[in-house]
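Visitor: Sharing work.pdb (PDB, N, CA and C atoms and all ligand atoms) below.
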```
ATOM      1  N   MET A  23     -26.628  13.373   4.571
ATOM      2  CA  MET A  23     -26.929  12.982   3.172
ATOM      3  C   MET A  23     -25.667  13.132   2.318
ATOM      4  N   GLY A  24     -25.263  12.113   1.581
ATOM      5  CA  GLY A  24     -24.037  12.171   0.787
ATOM      6  C   GLY A  24     -24.196  13.029  -0.455
ATOM      7  N   ASP A  25     -23.117  13.601  -0.917
ATOM      8  CA  ASP A  25     -23.158  14.452  -2.111
ATOM      9  C   ASP A  25     -23.592  13.684  -3.342
ATOM     10  N   ALA A  26     -23.236  12.404  -3.384
ATOM     11  CA  ALA A  26     -23.514  11.609  -4.578
ATOM     12  C   ALA A  26     -25.011  11.315  -4.718
ATOM     13  N   ASP A  27     -25.722  11.418  -3.622
ATOM     14  CA  ASP A  27     -27.148  11.085  -3.668
ATOM     15  C   ASP A  27     -27.965  12.248  -4.204
ATOM     16  N   LYS A  28     -28.895  11.950  -5.055
ATOM     17  CA  LYS A  28     -29.832  12.978  -5.507
ATOM     18  C   LYS A  28     -31.181  12.601  -4.895
ATOM     19  N   ARG A  29     -31.570  13.328  -3.837
ATOM     20  CA  ARG A  29     -32.731  12.904  -3.072
ATOM     21  C   ARG A  29     -33.799  13.972  -3.005
ATOM     22  N   THR A  30     -35.006  13.552  -2.799
ATOM     23  CA  THR A  30     -36.095  14.458  -2.466
ATOM     24  C   THR A  30     -36.794  13.829  -1.280
ATOM     25  N   GLY A  31     -36.906  14.592  -0.175
ATOM     26  CA  GLY A  31     -37.590  14.080   1.004
ATOM     27  C   GLY A  31     -37.001  12.771   1.490
ATOM     28  N   GLY A  32     -35.683  12.614   1.368
ATOM     29  CA  GLY A  32     -35.026  11.421   1.902
ATOM     30  C   GLY A  32     -35.025  10.257   0.939
ATOM     31  N   GLU A  33     -35.730  10.369  -0.168
ATOM     32  CA  GLU A  33     -35.787   9.246  -1.114
ATOM     33  C   GLU A  33     -34.629   9.322  -2.112
ATOM     34  N   VAL A  34     -33.927   8.219  -2.313
ATOM     35  CA  VAL A  34     -32.849   8.200  -3.298
ATOM     36  C   VAL A  34     -33.457   8.056  -4.687
ATOM     37  N   LEU A  35     -33.250   9.104  -5.514
ATOM     38  CA  LEU A  35     -33.839   9.064  -6.858
ATOM     39  C   LEU A  35     -32.875   8.491  -7.869
ATOM     40  N   GLU A  36     -31.582   8.822  -7.689
ATOM     41  CA  GLU A  36     -30.620   8.424  -8.704
ATOM     42  C   GLU A  36     -29.256   8.214  -8.064
ATOM     43  N   ARG A  37     -28.619   7.138  -8.382
ATOM     44  CA  ARG A  37     -27.249   6.924  -7.906
ATOM     45  C   ARG A  37     -26.602   5.922  -8.862
ATOM     46  N   THR A  38     -25.664   6.427  -9.633
ATOM     47  CA  THR A  38     -25.044   5.517 -10.603
ATOM     48  C   THR A  38     -24.104   4.576  -9.886
ATOM     49  N   LYS A  39     -23.869   3.432 -10.497
ATOM     50  CA  LYS A  39     -23.009   2.409  -9.904
ATOM     51  C   LYS A  39     -21.609   2.958  -9.652
ATOM     52  N   GLN A  40     -21.092   3.742 -10.613
ATOM     53  CA  GLN A  40     -19.726   4.247 -10.539
ATOM     54  C   GLN A  40     -19.505   5.150  -9.323
ATOM     55  N   GLU A  41     -20.532   5.901  -8.923
ATOM     56  CA  GLU A  41     -20.390   6.836  -7.804
ATOM     57  C   GLU A  41     -20.185   6.106  -6.485
ATOM     58  N   THR A  42     -20.700   4.906  -6.363
ATOM     59  CA  THR A  42     -20.666   4.221  -5.071
ATOM     60  C   THR A  42     -19.577   3.161  -5.003
ATOM     61  N   LYS A  43     -19.018   2.779  -6.143
ATOM     62  CA  LYS A  43     -18.008   1.717  -6.148
ATOM     63  C   LYS A  43     -16.637   2.267  -5.781
ATOM     64  N   ARG A  44     -15.942   1.607  -4.866
ATOM     65  CA  ARG A  44     -14.582   2.046  -4.554
ATOM     66  C   ARG A  44     -13.642   1.525  -5.648
ATOM     67  N   PRO A  45     -12.474   2.143  -5.791
ATOM     68  CA  PRO A  45     -11.553   1.701  -6.851
ATOM     69  C   PRO A  45     -11.207   0.221  -6.719
ATOM     70  N   GLU A  46     -10.989  -0.423  -7.844
ATOM     71  CA  GLU A  46     -10.672  -1.861  -7.854
ATOM     72  C   GLU A  46      -9.270  -2.128  -7.328
ATOM     73  N   LEU A  47      -8.333  -1.253  -7.735
ATOM     74  CA  LEU A  47      -6.921  -1.550  -7.478
ATOM     75  C   LEU A  47      -6.246  -0.464  -6.631
ATOM     76  N   TYR A  48      -5.283  -0.903  -5.850
ATOM     77  CA  TYR A  48      -4.549   0.002  -4.937
ATOM     78  C   TYR A  48      -3.046  -0.233  -5.063
ATOM     79  N   ARG A  49      -2.305   0.879  -5.092
ATOM     80  CA  ARG A  49      -0.843   0.800  -5.045
ATOM     81  C   ARG A  49      -0.421   0.630  -3.593
ATOM     82  N   VAL A  50       0.503  -0.302  -3.378
ATOM     83  CA  VAL A  50       1.097  -0.419  -2.042
ATOM     84  C   VAL A  50       2.511   0.151  -2.110
ATOM     85  N   LEU A  51       2.789   1.098  -1.214
ATOM     86  CA  LEU A  51       4.066   1.812  -1.193
ATOM     87  C   LEU A  51       4.795   1.530   0.109
ATOM     88  N   LEU A  52       6.109   1.429   0.028
ATOM     89  CA  LEU A  52       6.923   1.409   1.248
ATOM     90  C   LEU A  52       7.410   2.829   1.493
ATOM     91  N   LEU A  53       7.523   3.204   2.761
ATOM     92  CA  LEU A  53       7.944   4.554   3.136
ATOM     93  C   LEU A  53       9.325   4.504   3.781
ATOM     94  N   ASN A  54      10.082   5.545   3.542
ATOM     95  CA  ASN A  54      11.438   5.598   4.099
ATOM     96  C   ASN A  54      11.411   5.983   5.578
ATOM     97  N   ASP A  55      12.408   5.533   6.299
ATOM     98  CA  ASP A  55      12.663   6.021   7.655
ATOM     99  C   ASP A  55      14.166   5.918   7.885
ATOM    100  N   ASP A  56      14.635   6.429   9.025
ATOM    101  CA  ASP A  56      16.086   6.476   9.278
ATOM    102  C   ASP A  56      16.608   5.256  10.022
ATOM    103  N   TYR A  57      15.739   4.365  10.459
ATOM    104  CA  TYR A  57      16.159   3.306  11.398
ATOM    105  C   TYR A  57      16.106   1.890  10.833
ATOM    106  N   THR A  58      15.175   1.619   9.940
ATOM    107  CA  THR A  58      15.072   0.275   9.369
ATOM    108  C   THR A  58      16.295   0.013   8.497
ATOM    109  N   THR A  59      16.872  -1.176   8.631
ATOM    110  CA  THR A  59      18.068  -1.469   7.841
ATOM    111  C   THR A  59      17.689  -1.771   6.386
ATOM    112  N   MET A  60      18.628  -1.486   5.496
ATOM    113  CA  MET A  60      18.409  -1.759   4.077
ATOM    114  C   MET A  60      18.184  -3.258   3.853
ATOM    115  N   ASP A  61      18.970  -4.084   4.532
ATOM    116  CA  ASP A  61      18.820  -5.542   4.379
ATOM    117  C   ASP A  61      17.421  -6.008   4.754
ATOM    118  N   PHE A  62      16.867  -5.419   5.819
ATOM    119  CA  PHE A  62      15.530  -5.836   6.253
ATOM    120  C   PHE A  62      14.482  -5.433   5.217
ATOM    121  N   VAL A  63      14.615  -4.249   4.647
ATOM    122  CA  VAL A  63      13.651  -3.796   3.626
ATOM    123  C   VAL A  63      13.708  -4.725   2.404
ATOM    124  N   VAL A  64      14.917  -5.104   2.005
ATOM    125  CA  VAL A  64      15.055  -6.035   0.874
ATOM    126  C   VAL A  64      14.375  -7.366   1.211
ATOM    127  N   GLU A  65      14.555  -7.826   2.436
ATOM    128  CA  GLU A  65      13.926  -9.084   2.873
ATOM    129  C   GLU A  65      12.399  -8.979   2.821
ATOM    130  N   VAL A  66      11.867  -7.844   3.272
ATOM    131  CA  VAL A  66      10.411  -7.613   3.236
ATOM    132  C   VAL A  66       9.917  -7.650   1.789
ATOM    133  N   LEU A  67      10.649  -7.015   0.897
ATOM    134  CA  LEU A  67      10.230  -6.973  -0.513
ATOM    135  C   LEU A  67      10.265  -8.368  -1.132
ATOM    136  N   GLU A  68      11.220  -9.184  -0.716
ATOM    137  CA  GLU A  68      11.317 -10.547  -1.258
ATOM    138  C   GLU A  68      10.222 -11.447  -0.676
ATOM    139  N   THR A  69       9.963 -11.313   0.627
ATOM    140  CA  THR A  69       9.045 -12.268   1.274
ATOM    141  C   THR A  69       7.585 -11.849   1.152
ATOM    142  N   ILE A  70       7.290 -10.571   1.346
ATOM    143  CA  ILE A  70       5.883 -10.137   1.339
ATOM    144  C   ILE A  70       5.428  -9.746  -0.062
ATOM    145  N   PHE A  71       6.368  -9.199  -0.859
ATOM    146  CA  PHE A  71       5.962  -8.718  -2.188
ATOM    147  C   PHE A  71       6.514  -9.585  -3.324
ATOM    148  N   ASN A  72       7.126 -10.725  -2.953
ATOM    149  CA  ASN A  72       7.575 -11.730  -3.944
ATOM    150  C   ASN A  72       8.508 -11.159  -5.013
ATOM    151  N   LYS A  73       9.366 -10.233  -4.607
ATOM    152  CA  LYS A  73      10.315  -9.651  -5.573
ATOM    153  C   LYS A  73      11.597 -10.488  -5.621
ATOM    154  N   GLN A  74      12.190 -10.527  -6.799
ATOM    155  CA  GLN A  74      13.511 -11.126  -6.951
ATOM    156  C   GLN A  74      14.539 -10.202  -6.272
ATOM    157  N   PRO A  75      15.694 -10.745  -5.863
ATOM    158  CA  PRO A  75      16.663  -9.942  -5.105
ATOM    159  C   PRO A  75      17.057  -8.616  -5.772
ATOM    160  N   ALA A  76      17.344  -8.617  -7.068
ATOM    161  CA  ALA A  76      17.791  -7.381  -7.732
ATOM    162  C   ALA A  76      16.675  -6.333  -7.757
ATOM    163  N   GLU A  77      15.446  -6.787  -8.001
ATOM    164  CA  GLU A  77      14.291  -5.878  -8.024
ATOM    165  C   GLU A  77      14.009  -5.351  -6.610
ATOM    166  N   ALA A  78      14.144  -6.221  -5.625
ATOM    167  CA  ALA A  78      13.936  -5.816  -4.227
ATOM    168  C   ALA A  78      14.952  -4.732  -3.851
ATOM    169  N   PHE A  79      16.193  -4.919  -4.262
ATOM    170  CA  PHE A  79      17.232  -3.924  -3.954
ATOM    171  C   PHE A  79      16.917  -2.597  -4.653
ATOM    172  N   ARG A  80      16.482  -2.675  -5.911
ATOM    173  CA  ARG A  80      16.146  -1.455  -6.679
ATOM    174  C   ARG A  80      15.028  -0.673  -5.990
ATOM    175  N   ILE A  81      13.984  -1.379  -5.564
ATOM    176  CA  ILE A  81      12.845  -0.701  -4.911
ATOM    177  C   ILE A  81      13.290  -0.110  -3.569
ATOM    178  N   MET A  82      14.097  -0.882  -2.817
ATOM    179  CA  MET A  82      14.582  -0.379  -1.525
ATOM    180  C   MET A  82      15.353   0.930  -1.724
ATOM    181  N   MET A  83      16.228   0.969  -2.756
ATOM    182  CA  MET A  83      17.014   2.182  -3.007
ATOM    183  C   MET A  83      16.124   3.348  -3.448
ATOM    184  N   MET A  84      15.071   3.022  -4.200
ATOM    185  CA  MET A  84      14.091   4.043  -4.605
ATOM    186  C   MET A  84      13.445   4.669  -3.360
ATOM    187  N   VAL A  85      13.039   3.813  -2.422
ATOM    188  CA  VAL A  85      12.431   4.313  -1.184
ATOM    189  C   VAL A  85      13.450   5.152  -0.415
ATOM    190  N   HIS A  86      14.661   4.636  -0.321
ATOM    191  CA  HIS A  86      15.718   5.306   0.455
ATOM    192  C   HIS A  86      16.035   6.699  -0.117
ATOM    193  N   THR A  87      16.048   6.819  -1.439
ATOM    194  CA  THR A  87      16.451   8.091  -2.059
ATOM    195  C   THR A  87      15.272   9.022  -2.345
ATOM    196  N   GLN A  88      14.099   8.446  -2.629
ATOM    197  CA  GLN A  88      12.945   9.280  -3.025
ATOM    198  C   GLN A  88      11.890   9.406  -1.923
ATOM    199  N   GLY A  89      12.028   8.621  -0.862
ATOM    200  CA  GLY A  89      11.062   8.726   0.240
ATOM    201  C   GLY A  89      10.000   7.655   0.220
ATOM    202  N   LYS A  90       9.651   7.195  -0.976
ATOM    203  CA  LYS A  90       8.680   6.103  -1.080
ATOM    204  C   LYS A  90       8.897   5.347  -2.386
ATOM    205  N   GLY A  91       8.348   4.149  -2.461
ATOM    206  CA  GLY A  91       8.523   3.345  -3.668
ATOM    207  C   GLY A  91       7.406   2.340  -3.816
ATOM    208  N   LEU A  92       7.068   2.045  -5.058
ATOM    209  CA  LEU A  92       5.958   1.147  -5.377
ATOM    210  C   LEU A  92       6.376  -0.314  -5.214
ATOM    211  N   CYS A  93       5.606  -1.045  -4.433
ATOM    212  CA  CYS A  93       5.878  -2.477  -4.203
ATOM    213  C   CYS A  93       4.975  -3.363  -5.036
ATOM    214  N   GLY A  94       3.797  -2.872  -5.389
ATOM    215  CA  GLY A  94       2.873  -3.680  -6.181
ATOM    216  C   GLY A  94       1.504  -3.047  -6.222
ATOM    217  N   VAL A  95       0.648  -3.598  -7.087
ATOM    218  CA  VAL A  95      -0.730  -3.120  -7.249
ATOM    219  C   VAL A  95      -1.644  -4.319  -7.011
ATOM    220  N   TYR A  96      -2.616  -4.132  -6.109
ATOM    221  CA  TYR A  96      -3.428  -5.260  -5.657
ATOM    222  C   TYR A  96      -4.882  -4.831  -5.468
ATOM    223  N   SER A  97      -5.750  -5.833  -5.312
ATOM    224  CA  SER A  97      -7.130  -5.554  -4.897
ATOM    225  C   SER A  97      -7.096  -4.930  -3.502
ATOM    226  N   HIS A  98      -8.202  -4.308  -3.094
ATOM    227  CA  HIS A  98      -8.265  -3.635  -1.785
ATOM    228  C   HIS A  98      -7.902  -4.591  -0.657
ATOM    229  N   GLU A  99      -8.462  -5.794  -0.697
ATOM    230  CA  GLU A  99      -8.254  -6.748   0.401
ATOM    231  C   GLU A  99      -6.792  -7.204   0.478
ATOM    232  N   ILE A 100      -6.209  -7.509  -0.681
ATOM    233  CA  ILE A 100      -4.808  -7.970  -0.683
ATOM    234  C   ILE A 100      -3.888  -6.827  -0.270
ATOM    235  N   ALA A 101      -4.166  -5.620  -0.768
ATOM    236  CA  ALA A 101      -3.324  -4.463  -0.416
ATOM    237  C   ALA A 101      -3.338  -4.236   1.093
ATOM    238  N   GLU A 102      -4.528  -4.308   1.702
ATOM    239  CA  GLU A 102      -4.641  -4.146   3.162
ATOM    240  C   GLU A 102      -3.827  -5.198   3.895
ATOM    241  N   THR A 103      -3.904  -6.433   3.395
ATOM    242  CA  THR A 103      -3.178  -7.545   4.025
ATOM    243  C   THR A 103      -1.670  -7.317   3.942
ATOM    244  N   LYS A 104      -1.192  -6.826   2.795
ATOM    245  CA  LYS A 104       0.257  -6.573   2.611
ATOM    246  C   LYS A 104       0.723  -5.466   3.564
ATOM    247  N   VAL A 105      -0.056  -4.382   3.638
ATOM    248  CA  VAL A 105       0.316  -3.258   4.517
ATOM    249  C   VAL A 105       0.398  -3.749   5.966
ATOM    250  N   GLU A 106      -0.601  -4.534   6.380
ATOM    251  CA  GLU A 106      -0.629  -5.060   7.743
ATOM    252  C   GLU A 106       0.561  -6.003   7.979
ATOM    253  N   ALA A 107       0.859  -6.843   6.984
ATOM    254  CA  ALA A 107       1.971  -7.797   7.113
ATOM    255  C   ALA A 107       3.303  -7.067   7.301
ATOM    256  N   VAL A 108       3.479  -5.959   6.575
ATOM    257  CA  VAL A 108       4.709  -5.155   6.729
ATOM    258  C   VAL A 108       4.810  -4.627   8.152
ATOM    259  N   ILE A 109       3.697  -4.064   8.648
ATOM    260  CA  ILE A 109       3.706  -3.470   9.996
ATOM    261  C   ILE A 109       4.024  -4.542  11.046
ATOM    262  N   VAL A 110       3.428  -5.717  10.894
ATOM    263  CA  VAL A 110       3.615  -6.795  11.877
ATOM    264  C   VAL A 110       5.063  -7.293  11.866
ATOM    265  N   ILE A 111       5.594  -7.604  10.666
ATOM    266  CA  ILE A 111       6.956  -8.155  10.598
ATOM    267  C   ILE A 111       7.971  -7.104  11.069
ATOM    268  N   ALA A 112       7.724  -5.829  10.729
ATOM    269  CA  ALA A 112       8.634  -4.769  11.154
ATOM    270  C   ALA A 112       8.597  -4.625  12.675
ATOM    271  N   ARG A 113       7.404  -4.621  13.226
ATOM    272  CA  ARG A 113       7.266  -4.498  14.696
ATOM    273  C   ARG A 113       7.985  -5.665  15.380
ATOM    274  N   ASP A 114       7.800  -6.875  14.837
ATOM    275  CA  ASP A 114       8.449  -8.072  15.420
ATOM    276  C   ASP A 114       9.967  -7.934  15.436
ATOM    277  N   HIS A 115      10.503  -7.202  14.452
ATOM    278  CA  HIS A 115      11.965  -7.040  14.369
ATOM    279  C   HIS A 115      12.449  -5.716  14.971
ATOM    280  N   GLY A 116      11.511  -4.961  15.549
ATOM    281  CA  GLY A 116      11.876  -3.708  16.214
ATOM    282  C   GLY A 116      12.188  -2.564  15.274
ATOM    283  N   PHE A 117      11.619  -2.608  14.043
ATOM    284  CA  PHE A 117      11.838  -1.520  13.076
ATOM    285  C   PHE A 117      10.548  -0.719  12.883
ATOM    286  N   PRO A 118      10.675   0.576  12.577
ATOM    287  CA  PRO A 118       9.486   1.413  12.383
ATOM    288  C   PRO A 118       8.970   1.447  10.938
ATOM    289  N   LEU A 119       9.455   0.529  10.101
ATOM    290  CA  LEU A 119       9.077   0.507   8.676
ATOM    291  C   LEU A 119       7.554   0.554   8.509
ATOM    292  N   LYS A 120       7.124   1.386   7.561
ATOM    293  CA  LYS A 120       5.684   1.536   7.294
ATOM    294  C   LYS A 120       5.388   1.372   5.800
ATOM    295  N   ALA A 121       4.204   0.855   5.531
ATOM    296  CA  ALA A 121       3.691   0.783   4.164
ATOM    297  C   ALA A 121       2.380   1.541   4.091
ATOM    298  N   ALA A 122       2.013   1.963   2.915
ATOM    299  CA  ALA A 122       0.747   2.687   2.723
ATOM    300  C   ALA A 122       0.086   2.193   1.448
ATOM    301  N   MET A 123      -1.222   2.384   1.356
ATOM    302  CA  MET A 123      -1.927   2.043   0.109
ATOM    303  C   MET A 123      -2.693   3.253  -0.394
ATOM    304  N   GLU A 124      -2.799   3.347  -1.731
ATOM    305  CA  GLU A 124      -3.533   4.459  -2.343
ATOM    306  C   GLU A 124      -4.195   3.950  -3.612
ATOM    307  N   PRO A 125      -5.360   4.510  -3.948
ATOM    308  CA  PRO A 125      -6.060   4.052  -5.145
ATOM    309  C   PRO A 125      -5.213   4.273  -6.396
ATOM    310  N   GLU A 126      -5.298   3.350  -7.341
ATOM    311  CA  GLU A 126      -4.566   3.458  -8.620
ATOM    312  C   GLU A 126      -5.071   4.649  -9.419
TER     313      GLU A 126
HETATM  314  N1  LIG B   1      16.768   4.818   5.055
HETATM  315  C1  LIG B   1      17.099   3.532   5.640
HETATM  316  C2  LIG B   1      18.560   3.527   6.070
HETATM  317  O1  LIG B   1      19.319   4.387   5.663
HETATM  318  C3  LIG B   1      16.844   2.382   4.671
HETATM  319  C4  LIG B   1      15.421   2.237   4.291
HETATM  320  C5  LIG B   1      15.078   1.997   2.991
HETATM  321  C6  LIG B   1      14.415   2.321   5.263
HETATM  322  C7  LIG B   1      13.756   1.826   2.603
HETATM  323  C8  LIG B   1      13.069   2.146   4.902
HETATM  324  O2  LIG B   1      11.446   1.678   3.233
HETATM  325  C9  LIG B   1      12.743   1.895   3.574
HETATM  326  N2  LIG B   1      18.931   2.550   6.890
END
```
Could you show the structure in this file as structure tokens?
Ligand code: TYC

Guide:
Amino acid sequence: MGDADKRTGGEVLERTKQETKRPELYRVLLLNDDYTTMDFVVEVLETIFNKQPAEAFRIMMMVHTQGKGLCGVYSHEIAETKVEAVIVIARDHGFPLKAAMEPE
């Protein structure tokens, strides 16, 4: 039985909409590693996250120096697709680059 449910004898008496709805928006972050090249990360930011070159470079340096950096804020479905796209393109190029998503 979930904590959000207020039940008696298995019957759901009360459950507000807000308790059951997952967050609308998710931050997608790139994570630093020691092996992925800076050029490849900039390329990922330009192609998957539609960043202009200067912004892509800024975010890449943020990840490189701070460990992680914000690439964009998206719906759950789009955020999942972006994270998966990063993993696939990185794997195809032999890099361990990873992305993560977290609720806004
Ligand atoms: N740290 C990597 C290097 O020195 C560059 C890098 C930047 C890797 C950002 C991943 O998300 C990343 N080659």

Visitor: Just how far from atom CA of Leu67 of chain A is atom CA of Ile111 of chain A, in Å to one decimal?

Guide: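 Going from atom CA of Ile111 of chain A over to atom CA of Leu67 of chain A, I get 11.6 Å.
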
Visitor: Using all atoms listed in the file, I'd like a table of the residues in chain A that come within 7 Å of ligand LIG 1 (chain B); for each, show the closest atom pair and its distance in Å rounded to one decimal, ordered by chain and ascending number, as CSV.

Guide:
```
residue,atom,partner,partner_atom,distance
A:Leu52,C,B:LIG1,O2,4.5
A:Leu53,C,B:LIG1,O2,3.6
A:Asn54,CA,B:LIG1,C8,3.9
A:Asp55,N,B:LIG1,C8,3.7
A:Asp56,CA,B:LIG1,N1,4.6
A:Tyr57,C,B:LIG1,N2,4.9
A:Thr58,C,B:LIG1,N2,4.0
A:Thr59,CA,B:LIG1,N2,4.2
A:Met60,N,B:LIG1,N2,4.3
A:Asp61,N,B:LIG1,C3,6.8
A:Val63,CA,B:LIG1,C7,5.7
A:Ile81,C,B:LIG1,C7,6.5
A:Met82,C,B:LIG1,C7,4.7
A:Met83,N,B:LIG1,C5,6.0
A:Met84,C,B:LIG1,C7,6.6
A:Val85,C,B:LIG1,C7,4.5
A:His86,N,B:LIG1,C7,4.2
A:Thr87,N,B:LIG1,C5,6.6
A:Gly89,C,B:LIG1,O2,6.8
A:Lys90,CA,B:LIG1,O2,6.8
A:Gly91,N,B:LIG1,O2,6.9
A:Leu119,CA,B:LIG1,C8,5.7
A:Lys120,N,B:LIG1,O2,6.1
```

Visitor: Write out as a PyMOL selection string all residues of chain A that backbone DSSP assigns to strand (DSSP E or B).

Guide: chain A and resi 28-30+33-36+47-53+90-97+120-125

Visitor: Have a look at A:Ala121, A:Gly94, A:Glu126, A:Glu77 and name the one nearest to Val108 of chain A; count only N, CA and C atoms.

Guide: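 The closest residue to Val108 of chain A is A:Ala121.
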
Visitor: How many Å lie between atom CA of Cys93 of chain A and atom CA of Phe71 of chain A, rounded to one decimal?

Guide: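 Atom CA of Cys93 of chain A sits 6.6 Å away from atom CA of Phe71 of chain A.
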
Visitor: Please, what distance in Å, to one decimal, runs between atom C of Lys43 of chain A and atom CA of Ala101 of chain A?

Guide: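 Spanning atom C of Lys43 of chain A to atom CA of Ala101 of chain A is a straight-line distance of 15.9 Å.
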
Visitor: Care to translate the PyMOL selection byres (((chain A and resi 48) around 8) and not hetatm) into actual residues of this file, as a PyMOL selection string?

Guide: chain A and resi 45-47+49-51+94-99+101-102+122-126

Visitor: In terms of the shortest atom-to-atom distance over only N, CA and C atoms, which of A:Thr42, A:Ile70, A:Phe62, A:Ala76 is closest to Ala107 of chain A?

Guide: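 Closest candidate: A:Ile70.
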
Visitor: Would you please give, as a ChimeraX atom specification, all residues of chain A that DSSP assigns to alpha helix (DSSP H) based on the backbone?

Guide: /A:39-42,60-69,75-88,98-114
